[in-house]
Structure formats: C-alpha cells, structure tokens
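Structure data follow from work_37.txt (compact mmCIF, C-alpha atoms):
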```txt
# COMPACT_ATOMS: atom_id res chain seq x y z
CA MET A 1 -15.69 -116.24 288.54
CA ASP A 2 -15.79 -113.92 285.58
CA LEU A 3 -13.45 -114.87 282.73
CA SER A 4 -14.44 -112.02 280.42
CA GLY A 5 -11.46 -110.97 278.31
CA ARG A 6 -9.64 -114.25 278.85
CA VAL A 7 -8.73 -116.55 275.96
CA ALA A 8 -8.72 -120.30 276.60
CA ILE A 9 -7.59 -123.33 274.61
CA VAL A 10 -9.15 -126.68 275.51
CA THR A 11 -7.71 -129.75 273.81
CA GLY A 12 -9.76 -132.86 273.11
CA ALA A 13 -12.86 -130.72 273.45
CA GLY A 14 -15.05 -132.44 270.86
CA GLY A 15 -16.87 -134.42 273.55
CA GLY A 16 -16.83 -135.64 277.13
CA LEU A 17 -14.77 -133.70 279.62
CA GLY A 18 -13.22 -131.35 277.07
CA ARG A 19 -16.59 -130.29 275.73
CA ALA A 20 -17.89 -129.68 279.26
CA HIS A 21 -14.77 -127.64 280.14
CA ALA A 22 -14.99 -125.55 276.97
CA LYS A 23 -18.68 -124.78 277.40
CA LEU A 24 -18.31 -123.79 281.06
CA LEU A 25 -15.33 -121.55 280.33
CA ALA A 26 -17.32 -119.87 277.54
CA LYS A 27 -20.35 -119.51 279.81
CA ARG A 28 -18.15 -117.63 282.26
CA GLY A 29 -17.01 -115.22 279.54
CA ALA A 30 -13.85 -116.73 278.09
CA LYS A 31 -13.20 -116.86 274.37
CA VAL A 32 -12.51 -120.52 273.65
CA VAL A 33 -10.44 -122.39 271.10
CA VAL A 34 -12.08 -125.81 270.79
CA ASN A 35 -9.49 -128.39 269.75
CA ASP A 36 -10.23 -131.91 268.59
CA MET A 37 -9.08 -134.28 265.86
CA SER A 38 -12.60 -134.63 264.47
CA ASP A 39 -15.44 -132.48 263.13
CA ALA A 40 -16.76 -132.45 266.70
CA ALA A 41 -14.54 -129.41 267.30
CA ASP A 42 -16.71 -127.43 264.86
CA THR A 43 -19.89 -128.73 266.47
CA VAL A 44 -18.87 -127.67 269.98
CA ALA A 45 -17.66 -124.28 268.77
CA GLN A 46 -21.00 -123.75 267.03
CA GLU A 47 -22.86 -124.74 270.21
CA ILE A 48 -20.91 -122.15 272.20
CA VAL A 49 -21.62 -119.42 269.66
CA ALA A 50 -25.31 -120.37 269.54
CA GLU A 51 -25.44 -119.96 273.31
CA GLY A 52 -24.00 -116.45 273.08
CA GLY A 53 -20.34 -117.23 273.62
CA GLN A 54 -17.25 -116.81 271.47
CA ALA A 55 -15.40 -119.83 270.11
CA ILE A 56 -13.36 -121.06 267.18
CA ALA A 57 -12.60 -124.64 266.21
CA ALA A 58 -9.07 -125.98 265.74
CA ARG A 59 -8.84 -129.46 264.28
CA GLY A 60 -5.64 -131.42 264.75
CA SER A 61 -3.69 -133.76 266.99
CA VAL A 62 -1.95 -132.38 270.05
CA SER A 63 1.07 -134.51 269.08
CA ASP A 64 1.37 -132.63 265.77
CA VAL A 65 3.71 -129.68 266.41
CA ASP A 66 2.67 -127.83 263.26
CA ALA A 67 -1.05 -128.22 263.95
CA VAL A 68 -0.61 -126.98 267.51
CA GLN A 69 1.41 -123.99 266.35
CA ALA A 70 -1.26 -123.14 263.79
CA MET A 71 -3.89 -123.33 266.54
CA THR A 72 -2.03 -120.93 268.82
CA ASP A 73 -1.23 -118.59 265.93
CA LYS A 74 -4.93 -118.47 265.04
CA ALA A 75 -5.89 -117.67 268.64
CA LEU A 76 -3.35 -114.86 268.80
CA ALA A 77 -4.36 -113.48 265.41
CA ASP A 78 -8.06 -113.44 266.34
CA TRP A 79 -7.92 -112.48 270.00
CA GLY A 80 -4.43 -111.16 270.73
CA ARG A 81 -3.60 -113.30 273.77
CA ILE A 82 -3.80 -116.77 275.33
CA ASP A 83 -4.53 -116.91 279.04
CA ILE A 84 -5.68 -120.46 279.71
CA LEU A 85 -4.62 -123.86 278.40
CA VAL A 86 -6.50 -126.98 279.45
CA ASN A 87 -4.55 -130.07 278.34
CA ASN A 88 -7.39 -132.57 278.17
CA ALA A 89 -6.78 -134.62 275.00
CA GLY A 90 -6.01 -138.30 275.47
CA ILE A 91 -6.49 -141.85 274.28
CA LEU A 92 -6.54 -145.35 275.78
CA ARG A 93 -4.87 -148.57 274.64
CA ASP A 94 -5.60 -150.78 277.65
CA LYS A 95 -3.96 -154.19 278.09
CA SER A 96 -1.99 -155.89 280.80
CA PHE A 97 1.70 -155.00 280.56
CA ALA A 98 2.52 -158.58 279.54
CA LYS A 99 0.25 -158.26 276.50
CA MET A 100 0.87 -154.59 275.70
CA SER A 101 2.97 -153.74 272.67
CA LEU A 102 5.64 -151.08 272.97
CA GLU A 103 3.91 -149.29 270.10
CA ASP A 104 0.75 -148.91 272.19
CA PHE A 105 2.82 -147.83 275.19
CA ARG A 106 4.62 -145.19 273.14
CA LEU A 107 1.42 -143.96 271.45
CA VAL A 108 -0.38 -143.28 274.73
CA VAL A 109 2.64 -141.52 276.23
CA ASP A 110 3.03 -139.49 273.02
CA VAL A 111 -0.55 -138.19 273.10
CA HIS A 112 -0.92 -137.58 276.83
CA LEU A 113 2.55 -136.45 277.85
CA MET A 114 4.13 -135.13 274.67
CA GLY A 115 0.80 -133.66 273.54
CA ALA A 116 0.56 -131.65 276.75
CA ALA A 117 4.21 -130.62 276.49
CA ILE A 118 3.80 -129.53 272.85
CA CYS A 119 0.69 -127.48 273.59
CA THR A 120 2.20 -125.91 276.70
CA LYS A 121 5.42 -125.06 274.87
CA ALA A 122 3.36 -123.38 272.13
CA VAL A 123 1.71 -120.97 274.61
CA TRP A 124 4.54 -120.60 277.14
CA GLU A 125 6.34 -117.60 275.65
CA THR A 126 3.04 -115.79 275.11
CA MET A 127 2.12 -116.34 278.76
CA ARG A 128 5.57 -115.22 279.91
CA ALA A 129 5.41 -112.07 277.79
CA GLN A 130 1.99 -111.07 279.13
CA ASN A 131 2.91 -112.10 282.71
CA TYR A 132 -0.20 -114.20 283.00
CA GLY A 133 -1.03 -117.82 282.33
CA ARG A 134 -3.09 -120.67 283.68
CA VAL A 135 -2.24 -124.22 282.58
CA VAL A 136 -4.19 -127.33 283.59
CA MET A 137 -2.75 -130.80 283.03
CA THR A 138 -5.13 -133.75 283.15
CA THR A 139 -3.66 -136.45 285.38
CA SER A 140 -5.54 -139.50 286.70
CA SER A 141 -5.91 -141.70 289.76
CA ALA A 142 -4.53 -144.42 287.49
CA GLY A 143 -1.25 -142.52 287.44
CA LEU A 144 -1.35 -141.48 291.08
CA TYR A 145 -2.27 -144.90 292.45
CA GLY A 146 -2.11 -147.42 289.60
CA ASN A 147 -4.73 -149.40 287.70
CA PHE A 148 -4.54 -152.90 286.20
CA GLY A 149 -4.18 -152.89 282.43
CA GLN A 150 -3.13 -149.24 282.17
CA ALA A 151 0.65 -149.19 282.51
CA ASN A 152 1.00 -146.87 279.51
CA TYR A 153 -1.80 -144.52 280.60
CA SER A 154 -0.64 -144.55 284.24
CA ALA A 155 2.95 -143.72 283.31
CA ALA A 156 1.86 -140.82 281.09
CA LYS A 157 -0.54 -139.43 283.68
CA MET A 158 2.00 -139.50 286.49
CA ALA A 159 4.55 -137.89 284.18
CA LEU A 160 2.17 -134.95 283.84
CA VAL A 161 2.42 -134.41 287.60
CA GLY A 162 6.18 -134.10 287.22
CA LEU A 163 5.74 -131.68 284.32
CA MET A 164 3.34 -129.60 286.42
CA ASN A 165 5.72 -129.51 289.39
CA THR A 166 8.61 -128.07 287.40
CA LEU A 167 6.58 -125.70 285.22
CA ALA A 168 4.87 -124.30 288.32
CA ILE A 169 8.31 -123.39 289.67
CA GLU A 170 9.58 -122.01 286.36
CA GLY A 171 6.40 -120.05 285.66
CA ALA A 172 6.01 -118.44 289.08
CA LYS A 173 7.94 -115.25 288.31
CA ASN A 174 5.66 -114.58 285.34
CA ASN A 175 2.39 -115.30 287.16
CA ILE A 176 1.89 -118.60 285.34
CA LYS A 177 0.00 -121.05 287.52
CA VAL A 178 0.24 -124.74 286.58
CA ASN A 179 -2.04 -127.37 288.13
CA CYS A 180 -3.35 -130.88 287.59
CA LEU A 181 -6.93 -132.12 287.41
CA ALA A 182 -7.61 -135.81 288.18
CA PRO A 183 -11.15 -136.41 286.91
CA THR A 184 -13.61 -139.25 287.35
CA ALA A 185 -16.28 -138.92 284.69
CA ALA A 186 -18.62 -140.96 282.52
CA THR A 187 -16.86 -140.51 279.20
CA GLN A 188 -16.43 -143.03 276.40
CA MET A 189 -13.68 -144.57 278.51
CA LEU A 190 -16.22 -145.78 281.10
CA GLU A 191 -19.11 -146.81 278.85
CA GLY A 192 -20.25 -150.34 279.61
CA LEU A 193 -18.34 -150.51 282.89
CA LEU A 194 -20.93 -148.86 285.18
CA PRO A 195 -24.76 -148.84 285.38
CA ALA A 196 -26.63 -145.91 283.81
CA GLU A 197 -27.62 -144.27 287.10
CA GLN A 198 -23.98 -144.10 288.21
CA LEU A 199 -22.85 -142.77 284.86
CA GLN A 200 -25.38 -139.96 285.24
CA VAL A 201 -23.86 -138.92 288.58
CA LEU A 202 -20.41 -139.09 286.99
CA ARG A 203 -21.30 -136.76 284.13
CA PRO A 204 -18.43 -134.59 282.84
CA GLU A 205 -20.23 -131.37 283.81
CA ALA A 206 -19.73 -132.36 287.48
CA VAL A 207 -15.95 -132.15 287.00
CA SER A 208 -15.62 -128.87 285.07
CA PRO A 209 -16.15 -126.51 288.06
CA GLY A 210 -12.75 -127.77 289.19
CA VAL A 211 -11.23 -126.33 286.03
CA LEU A 212 -12.66 -122.91 286.90
CA ALA A 213 -11.07 -123.16 290.34
CA LEU A 214 -7.68 -123.90 288.76
CA VAL A 215 -7.73 -121.10 286.16
CA ARG A 216 -9.15 -118.20 288.19
CA ASP A 217 -7.10 -115.06 288.75
CA ASP A 218 -6.13 -116.12 292.28
CA ALA A 219 -5.65 -119.78 291.36
CA PRO A 220 -3.32 -122.04 293.32
CA THR A 221 -0.29 -123.55 291.64
CA LYS A 222 1.34 -126.99 291.78
CA THR A 223 -1.95 -128.49 292.98
CA ILE A 224 -3.53 -131.85 292.15
CA LEU A 225 -7.30 -131.46 292.28
CA ALA A 226 -9.32 -134.67 292.08
CA ALA A 227 -12.92 -134.33 290.91
CA GLY A 228 -15.93 -136.48 290.16
CA ALA A 229 -19.67 -136.68 290.87
CA SER A 230 -19.47 -133.08 292.16
CA GLY A 231 -16.95 -134.22 294.79
CA PHE A 232 -13.54 -132.56 295.04
CA GLU A 233 -10.38 -133.63 296.83
CA LEU A 234 -6.67 -132.75 296.84
CA ALA A 235 -3.96 -135.34 296.26
CA TYR A 236 -0.39 -134.91 297.49
CA VAL A 237 3.04 -136.45 296.98
CA THR A 238 4.50 -136.33 300.49
CA LEU A 239 7.82 -137.03 302.21
CA THR A 240 8.13 -138.61 305.66
CA GLN A 241 10.76 -137.46 308.16
CA GLY A 242 12.52 -140.83 307.97
CA VAL A 243 15.71 -141.80 309.80
CA HIS A 244 19.50 -141.64 309.44
CA VAL A 245 21.07 -145.11 309.51
CA GLY A 246 24.74 -144.19 309.24
CA PHE A 247 27.39 -145.37 306.82
CA GLY A 248 28.18 -148.80 308.25
CA ASP A 249 28.24 -152.09 306.40
CA ASP A 250 24.88 -152.90 307.96
CA ALA A 251 23.13 -149.84 306.45
CA ALA A 252 20.78 -152.00 304.38
CA GLU A 253 19.86 -154.05 307.43
CA GLN A 254 19.27 -150.83 309.38
CA VAL A 255 16.88 -149.61 306.69
CA VAL A 256 14.86 -152.79 307.08
CA ALA A 257 15.05 -152.76 310.89
CA GLN A 258 13.83 -149.17 311.08
CA TRP A 259 11.27 -149.45 308.32
CA ASP A 260 8.37 -148.53 310.62
CA LYS A 261 10.11 -145.29 311.58
CA ILE A 262 10.87 -144.52 307.93
CA ALA A 263 7.21 -145.10 307.07
CA ASP A 264 5.86 -143.07 310.00
CA ARG A 265 3.65 -140.35 308.46
CA THR A 266 3.26 -138.30 311.64
CA HIS A 267 5.40 -135.42 310.40
CA GLU A 268 5.26 -135.98 306.67
CA HIS A 269 5.18 -132.89 304.48
CA VAL A 270 4.80 -131.73 300.90
CA PRO A 271 8.20 -130.54 299.60
CA HIS A 272 8.15 -127.32 297.59
CA GLU A 273 10.97 -128.43 295.30
CA ALA A 274 13.24 -131.41 294.66
CA PHE A 275 16.17 -130.15 296.77
CA ALA A 276 13.99 -130.45 299.88
CA GLN A 277 14.74 -134.17 299.96
CA ALA A 278 18.50 -133.61 299.93
CA ARG A 279 18.16 -130.87 302.54
CA LEU A 280 16.23 -133.21 304.86
CA GLU A 281 18.67 -136.07 304.37
CA MET A 282 21.72 -133.89 304.98
CA ALA A 283 20.11 -132.44 308.12
CA LYS A 284 19.64 -135.94 309.52
CA ALA A 285 23.34 -136.53 308.82
CA GLY A 286 24.16 -133.45 310.91
CA LEU A 287 24.88 -131.11 307.99
CA LYS A 288 23.01 -127.98 306.97
CA ILE A 289 22.47 -126.93 303.38
CA GLU A 290 22.00 -123.22 302.98
CA SER A 291 18.90 -122.19 301.02
```
Take the structure from the file and write it as structure tokens.
Amino acid sequence: MDLSGRVAIVTGAGGGLGRAHAKLLAKRGAKVVVNDMSDAADTVAQEIVAEGGQAIAARGSVSDVDAVQAMTDKALADWGRIDILVNNAGILRDKSFAKMSLEDFRLVVDVHLMGAAICTKAVWETMRAQNYGRVVMTTSSAGLYGNFGQANYSAAKMALVGLMNTLAIEGAKNNIKVNCLAPTAATQMLEGLLPAEQLQVLRPEAVSPGVLALVRDDAPTKTILAAGASGFELAYVTLTQGVHVGFGDDAAEQVVAQWDKIADRTHEHVPHEAFAQARLEMAKAGLKIES
C-alpha cells in the first residue's frame, strides 16, 4: 500500500502504538503530523525524517480545541491537505467503579471520546471538501466486552464505536471511511502485568499493519478491526431475529418464556443503521416500513 501524497495525523504518537503507527505510515510514503503532549512528539518526528520520511511535531492535548486547531492549520499550511486521522491518544485511571471518583471518570472520557471528537471535527470539513478521508478510532476489548476496574475507559472506548457508526454513515457521500481499531499491545499500560517474552510478541509494531488496512484507498468503513501479536479479527455488534410477543398484559412473562428464541443467533445480522431495529420489530408485528 503506497501512501505517497497522503497527509496523516496520528495523536498520542510520542510512544507505544502511536509511534508505531506514525512510523509505518511514514515508511509507506505518508507525510505525518506526530501529536503528543510531550517532547516525544519532536523525537518521533525527527526519527521519521532521519529515516527518509516527512514529519512535523505537534505538541498539545487532544482535549484542547485550540491546540488541535493549530495542529490541523499547520498541516494544511505545510502540506495542503489532510487525508488520514488516527485517533490514538488516551490515558488510564483504573479503579473499581466503587472506588473511582467522578473526576477520574470524566477525565478519561474527555481524553478518549471528546479528544477523538475534537480532532475529527477539526479535519472533517477538509475531508468533505476534498472528497477523501480516512479516520481511525481506537476502541478496546475493554469497551466491547468489559474489564474489571475500567468502567471509565470501557465507557469511552465503546462510545467511540457509536461515533464511528454515525460518522461512517454521514461521511459516505464524501468518500470518508471511518473505522475502529481494537489493539492488544505491550505499551506502558501493560508493563508489569505480563512476562517479557509475551510483551515482545505483543509489541506495538504488530498492530500497526491493521491501521494501513483501515486507511488504504479501498478501505472498508464502519468496521471494528481487532489486532495484537500479528493476529487480526473483526468484531461485530449484531441483532438476533427475536420474536413478537404481542401487546397483552403478560408481555413481560412472554419475553421471559421465549428468551431462548430471542437469544437464538442462527439468523443474527449486522444492521447497517439504527432504523434496522425498528424495521425488524415492525415486520414481526405485521407492518412494513418503507425504506
């Protein structure tokens, strides 16, 4: 996949996954804006240039609207376009929900969810005007399936799936593809939790090829790609066929009595938009909703 002529922004790219994403995008020809809150942004940008690529550093928090706007303005001033946005920046404030402060809950949601929304909003009109854009949200198995001690992180990461779903629909007419990456990688978040040999297999560079797959010219859209240890999977939010229980006073009891049929996954599917649920439910009630 040749990304020559493409301009990419990677947030949280001072280390770990972001650094690996930025360096691989640059290796494939993209001009890369390396964002991070620390001096590490400059270091990674310098590494890319030293290896023959093109990169500029942009220091600042993704939750800072002015800093994000300055970053996108700089990219447009230097390179004239923005084709790719990889929303990778994030933080952890792990505790059980009983012990978690609302401040820590809000902070994690602000960085992961609002940070991605702020960065995407900053590039959205540019992508619409040029009729081309590739946006990657970073979700997590913690959001998709849950993880003890990460209520804040899980909520933010699942929210990014919802953001992806709607933006993929809204961006389709302008050739903007929006996808999610769910990585498993040996970043600072996993240090001390796994032995060294496993951390080596889970190196961030084993995830980044998934980013290339999600930002290529013929990329999919509205896709959740899981990646880790050079393994790749797709995750789906599906809808079973379910049953119609009628409008009687025993409707709740009927739901319980027919639970196995409701849970039957034989003919489950992936809805293309939210109205698919209403369309299915009305059809079971004997009514047809016109598309």
Spatial neighbours of Ala285 in chain A, max dist 8 Å, all atoms listed in the file, sep filter under 4 positions, as a ChimeraX atom specification: /A:244,246,281
For a quick check of understanding, using only C-alpha atoms, which of A:Val32, A:Ala227, A:Met100, A:Val245 has the smallest distance to Ser4 in chain A?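 Under the stated criterion, the closest residue is A:Val32.
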re CA of Asn87 in chain A and CA of Arg134 in chain A: distance 10.9 Å
What separation in Å, quoted to one decimal, exists between CA of Tyr132 in chain A and CA of Ile118 in chain A?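 The value is 18.8 Å.
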For Glu290 in chain A: contacts at 10 Å, all atoms listed in the file, fewer than 2 positions along chain excluded, given as a list of chain:residue names: A:Arg279, A:Leu287, A:Lys288
Nearest residue to Ile169 in chain A from the set A:Ala219, A:Ala274, A:Val34, A:Leu25 (distances using only C-alpha atoms): A:Ala274
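Residue nearest Asn165 in chain A, chosen from A:Leu199, A:Ala20, A:Val136, A:Ala186 and counting all atoms listed in the file: A:Val136.
Atom to atom, CA of Ala67 in chain A and CA of Ser208 in chain A stand 25.7 Å apart.
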When you look at range 81-86 of chain A with a cut-off of 7 Å (counting only C-alpha atoms), what residues show up, excluding the ones that are within fewer than 4 positions of it in the same chain? I need them as a PyMOL selection string. chain A and resi 6-11+76+123+126-127+132-137+215
With all atoms listed in the file counted, which protein, DNA or RNA residues have an atom no more than 10 Å from (-20.8, -135.9, 283.3) in the file frame? Please answer as a ChimeraX atom specification. /A:16-17,20,184-187,199-208,228-230
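Ranking A:Ala213, A:Ala26, A:Val243, A:Val62 by their shortest atom-to-atom distance to Ala257 in chain A, with only C-alpha atoms included, puts A:Val243 first.
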Smallest atom-to-atom distance to Leu113 in chain A: which of A:Ala55, A:Leu160, A:Ala77, A:Ala283, using only C-alpha atoms?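 Counting only C-alpha atoms, the residue closest to Leu113 in chain A is A:Leu160.
Minimum atom-to-atom distances from A:Val49, A:Tyr236, A:Val111, A:Asn88 to Asp64 in chain A were compared using only C-alpha atoms, and the lowest value belongs to A:Val111.
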Do a neighbour search on range 139-155 of chain A at 10 Å with only C-alpha atoms, toss out local chain neighbours closer than 4 positions, and write the hits as a compact mmCIF listing (two decimals) with C-alpha atoms, in the coordinates of the input.
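Now in selection-v7.txt:
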```
# COMPACT_ATOMS: atom_id res chain seq x y z
CA ASN A 87 -4.55 -130.07 278.34
CA ASN A 88 -7.39 -132.57 278.17
CA GLY A 90 -6.01 -138.30 275.47
CA ILE A 91 -6.49 -141.85 274.28
CA LEU A 92 -6.54 -145.35 275.78
CA ARG A 93 -4.87 -148.57 274.64
CA ASP A 94 -5.60 -150.78 277.65
CA LYS A 95 -3.96 -154.19 278.09
CA SER A 96 -1.99 -155.89 280.80
CA PHE A 97 1.70 -155.00 280.56
CA ALA A 98 2.52 -158.58 279.54
CA LYS A 99 0.25 -158.26 276.50
CA MET A 100 0.87 -154.59 275.70
CA SER A 101 2.97 -153.74 272.67
CA LEU A 102 5.64 -151.08 272.97
CA ASP A 104 0.75 -148.91 272.19
CA PHE A 105 2.82 -147.83 275.19
CA ARG A 106 4.62 -145.19 273.14
CA LEU A 107 1.42 -143.96 271.45
CA VAL A 108 -0.38 -143.28 274.73
CA VAL A 109 2.64 -141.52 276.23
CA VAL A 111 -0.55 -138.19 273.10
CA HIS A 112 -0.92 -137.58 276.83
CA LEU A 113 2.55 -136.45 277.85
CA ALA A 159 4.55 -137.89 284.18
CA LEU A 160 2.17 -134.95 283.84
CA VAL A 161 2.42 -134.41 287.60
CA MET A 164 3.34 -129.60 286.42
CA ASN A 179 -2.04 -127.37 288.13
CA CYS A 180 -3.35 -130.88 287.59
CA LEU A 181 -6.93 -132.12 287.41
CA ALA A 182 -7.61 -135.81 288.18
CA PRO A 183 -11.15 -136.41 286.91
CA THR A 184 -13.61 -139.25 287.35
CA ILE A 224 -3.53 -131.85 292.15
CA LEU A 225 -7.30 -131.46 292.28
CA ALA A 226 -9.32 -134.67 292.08
CA ALA A 227 -12.92 -134.33 290.91
CA ALA A 235 -3.96 -135.34 296.26
CA TYR A 236 -0.39 -134.91 297.49
CA VAL A 237 3.04 -136.45 296.98
```
Would you list the contacts of Lys121 in chain A as a list in words, taking every protein, DNA or RNA residue within 10 Å and counting all atoms listed in the file, but skipping same-chain residues closer than 4 positions in sequence?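 Everything that qualifies: Val65, Val68, Gln69, Gly115, Ala116, Ala117, Glu125 and Thr126 of chain A.
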